[in-house]
Amino acid sequence: MSSNVESFVENNVGYIYLDRQKSRNALTFEMLRSIELTVREWSVQPEVRCIVFSGKGKAYCAGDDLIDMGTSKYPVPEDKFVEYLSGYPEACKAFRECPKPIICSVHGYALGAGLELALSCDLLIAEKGCGIGLPFVLRGFSSGTHLLARLTNRMFASRLLFTGDIVPVENLEAFGLVHSLTEADERESKTKNLAEKIAQLPTKTIGLMKKAMDASDSLDERSAWVVQAQSTVTGTLTEDYAEGRRAFAEKRDPVFTGK
């Protein structure tokens with residue numbers, strides 16, 4: 001595990017913090033592997049019912065470390081295709097495939113691979129005015145072509161990709177991608193409160209909904225309805241479904257266990 005990634009579990013919430021503050025949390029291959037492995041490990045741990053991903057210091061993440069990554073201290077795979085496919089995309093895939101809800105909490109700025117990781121999460125909380133961007137083009141680097149275009153539209157993605165511009169995170173709000181914008185002194189508490197609230201909900205049901213939404217992305221409408229029905233049937237077999245029905249009948253708040 002990377003010494004530049006801190007992880008711990010508290011109140012059924014798993015927290016992952018980038019902690020390479022002198023480099024504005026610029027990502028190394030080792031850090032990316034640590035993020036990926038932690039998320040995949042927590043995916044099968046029942047005590048973890050929600051995950052928060054964020055960064056320490058003055059900014060959430062400056063993107064890949066284009067200075068140190070690939071040096072003897074921070075090695076990468078020799079095969080370039082393997083490097084670029086198994087770098088931050090694998091961490092993004094781990095976020096998308098995780099059956100637990102994941103909240104990204106952003107401050108300062110989210111650039112390059114850092115923005116891609118944020119867009120791979122389920123919910124985004126951000127400080128007002130923090131900057132986002134995919135400045136790969138400024139280094140003559142072709143990347144960032146998948147997530148932003150898919151979640152917003154091609155023209156907005158082209159603006160960031162072709163110019164390297166850094167724009168306020170408020171731009172993402174127009175596409176419904178920001179759960180809440182906060183003042184600087186409120187972001188961490190609002191993130192924690194949301195995570196602990198979601199951690200008390202039926203975790204398996206949320207995982208089923210994540211899986212069904214991902215599967216539906218590439219399906220026609222009729223097939224998507226079938227996927228939804230299959231997900232619903234599976235959900236009725238959980239303990240939390242039974243608890244939800246009992247609580248409704250007894251006119252009380254449900255107490256979910258994530259099972």
# chains A, B, ... in the order shown; residues from 1 in each chain; ligands from 1
>>> closest_atom_pairs(of="segment 153-178 of chain A", to="segment 107-128 of chain A", cutoff="12 Å", atoms="only C-alpha atoms", output="CSV")
residue,atom,partner,partner_atom,distance
A:Ala157,CA,A:Glu116,CA,12.0
A:Leu160,CA,A:Gly112,CA,10.2
A:Leu161,CA,A:Gly112,CA,9.7
A:Gly164,CA,A:Gly112,CA,9.6
A:Asp165,CA,A:Leu111,CA,10.2
A:Ile166,CA,A:Leu111,CA,8.0
A:Val167,CA,A:Tyr109,CA,9.5
A:Pro168,CA,A:Lys128,CA,8.0
A:Val169,CA,A:Lys128,CA,7.2
A:Glu170,CA,A:Lys128,CA,7.2
A:Asn171,CA,A:Lys128,CA,10.9
A:Leu172,CA,A:Leu124,CA,9.9
A:Glu173,CA,A:Leu124,CA,10.0
A:Gly176,CA,A:Leu124,CA,10.0
A:Leu177,CA,A:Leu124,CA,6.8
A:Val178,CA,A:Leu124,CA,5.1
>>> write_last_selection(atoms="C-alpha atoms", output="compact mmCIF listing (two decimals), in the first residue's frame")
# COMPACT_ATOMS: atom_id res chain seq x y z
CA ALA A 157 -15.71 18.00 -23.11
CA LEU A 160 -11.72 21.36 -21.73
CA LEU A 161 -9.80 18.79 -23.78
CA GLY A 164 -6.68 22.71 -21.45
CA ASP A 165 -8.79 25.37 -19.72
CA ILE A 166 -9.44 25.16 -16.00
CA VAL A 167 -13.03 26.21 -15.24
CA PRO A 168 -15.08 26.55 -12.03
CA VAL A 169 -16.69 23.37 -10.75
CA GLU A 170 -20.03 25.18 -11.03
CA ASN A 171 -19.91 24.23 -14.74
CA LEU A 172 -20.64 20.63 -13.74
CA GLU A 173 -23.71 21.70 -11.78
CA GLY A 176 -26.53 17.59 -12.55
CA LEU A 177 -23.12 16.21 -11.59
CA VAL A 178 -22.70 18.06 -8.28
>>> closest_atom_pairs(of="segment 89-114 of chain A", to="segment 26-47 of chain A", cutoff="6 Å", atoms="only C-alpha atoms", output="CSV")
residue,atom,partner,partner_atom,distance
A:Ala91,CA,A:Glu36,CA,4.6
A:Ala94,CA,A:Glu36,CA,5.7
A:Cys98,CA,A:Ser43,CA,5.5
>>> select_by_dssp(residues="segment 38-230 of chain A", states="helix (DSSP H, G or I)", output="PyMOL selection string")
chain A and resi 38-43+80-86+88-97+113-119+135-139+147-151+154-163+170-173+187-198+203-216+221-230
>>> select_by_dssp(residues="segment 151-232 of chain A", states="strand (DSSP E or B)", output="list of chain:residue names")
A:Ile166, A:Val167, A:Pro168, A:Ser180, A:Leu181, A:Thr182
>>> write_last_selection(atoms="N, CA, C and O atoms", output="PDB file, in the first residue's frame")
ATOM      1  N   ILE A 166      -8.948  25.519 -17.332  1.00  0.00           N
ATOM      2  CA  ILE A 166      -9.444  25.163 -16.000  1.00  0.00           C
ATOM      3  C   ILE A 166     -10.639  26.059 -15.722  1.00  0.00           C
ATOM      4  O   ILE A 166     -10.539  27.289 -15.794  1.00  0.00           O
ATOM      5  N   VAL A 167     -11.793  25.454 -15.432  1.00  0.00           N
ATOM      6  CA  VAL A 167     -13.030  26.212 -15.243  1.00  0.00           C
ATOM      7  C   VAL A 167     -13.596  25.926 -13.854  1.00  0.00           C
ATOM      8  O   VAL A 167     -13.255  24.922 -13.230  1.00  0.00           O
ATOM      9  N   PRO A 168     -14.475  26.784 -13.341  1.00  0.00           N
ATOM     10  CA  PRO A 168     -15.080  26.551 -12.027  1.00  0.00           C
ATOM     11  C   PRO A 168     -15.923  25.287 -12.016  1.00  0.00           C
ATOM     12  O   PRO A 168     -16.566  24.949 -13.016  1.00  0.00           O
ATOM     13  N   SER A 180     -23.747  18.789  -4.052  1.00  0.00           N
ATOM     14  CA  SER A 180     -23.859  20.064  -3.346  1.00  0.00           C
ATOM     15  C   SER A 180     -22.561  20.846  -3.433  1.00  0.00           C
ATOM     16  O   SER A 180     -21.472  20.269  -3.437  1.00  0.00           O
ATOM     17  N   LEU A 181     -22.710  22.170  -3.530  1.00  0.00           N
ATOM     18  CA  LEU A 181     -21.588  23.091  -3.464  1.00  0.00           C
ATOM     19  C   LEU A 181     -21.546  23.682  -2.064  1.00  0.00           C
ATOM     20  O   LEU A 181     -22.579  24.093  -1.525  1.00  0.00           O
ATOM     21  N   THR A 182     -20.365  23.732  -1.470  1.00  0.00           N
ATOM     22  CA  THR A 182     -20.271  24.156  -0.082  1.00  0.00           C
ATOM     23  C   THR A 182     -19.270  25.294   0.084  1.00  0.00           C
ATOM     24  O   THR A 182     -18.431  25.539  -0.776  1.00  0.00           O
TER      25      THR A 182
END
>>> residues_around(residues="segment 6-13 of chain A", least_positions_apart="2", cutoff="12 Å", atoms="only C-alpha atoms", output="JSON, numbers by chain")
{"A": [1, 2, 3, 4, 15, 16, 17, 18, 19, 20, 25, 31, 34, 35, 36, 37, 38, 39, 41, 42, 43, 45, 46, 47, 48, 49, 50, 51, 52, 53, 54, 55, 56, 100, 101, 102, 103, 191, 192, 193, 194, 195, 196, 197, 198, 199, 200, 201, 203, 257, 258]}
>>> residues_around(residues="Arg139 of chain A", least_positions_apart="3", cutoff="10 Å", atoms="only C-alpha atoms", output="JSON, numbers by chain")
{"A": [66, 135, 136, 142, 164]}
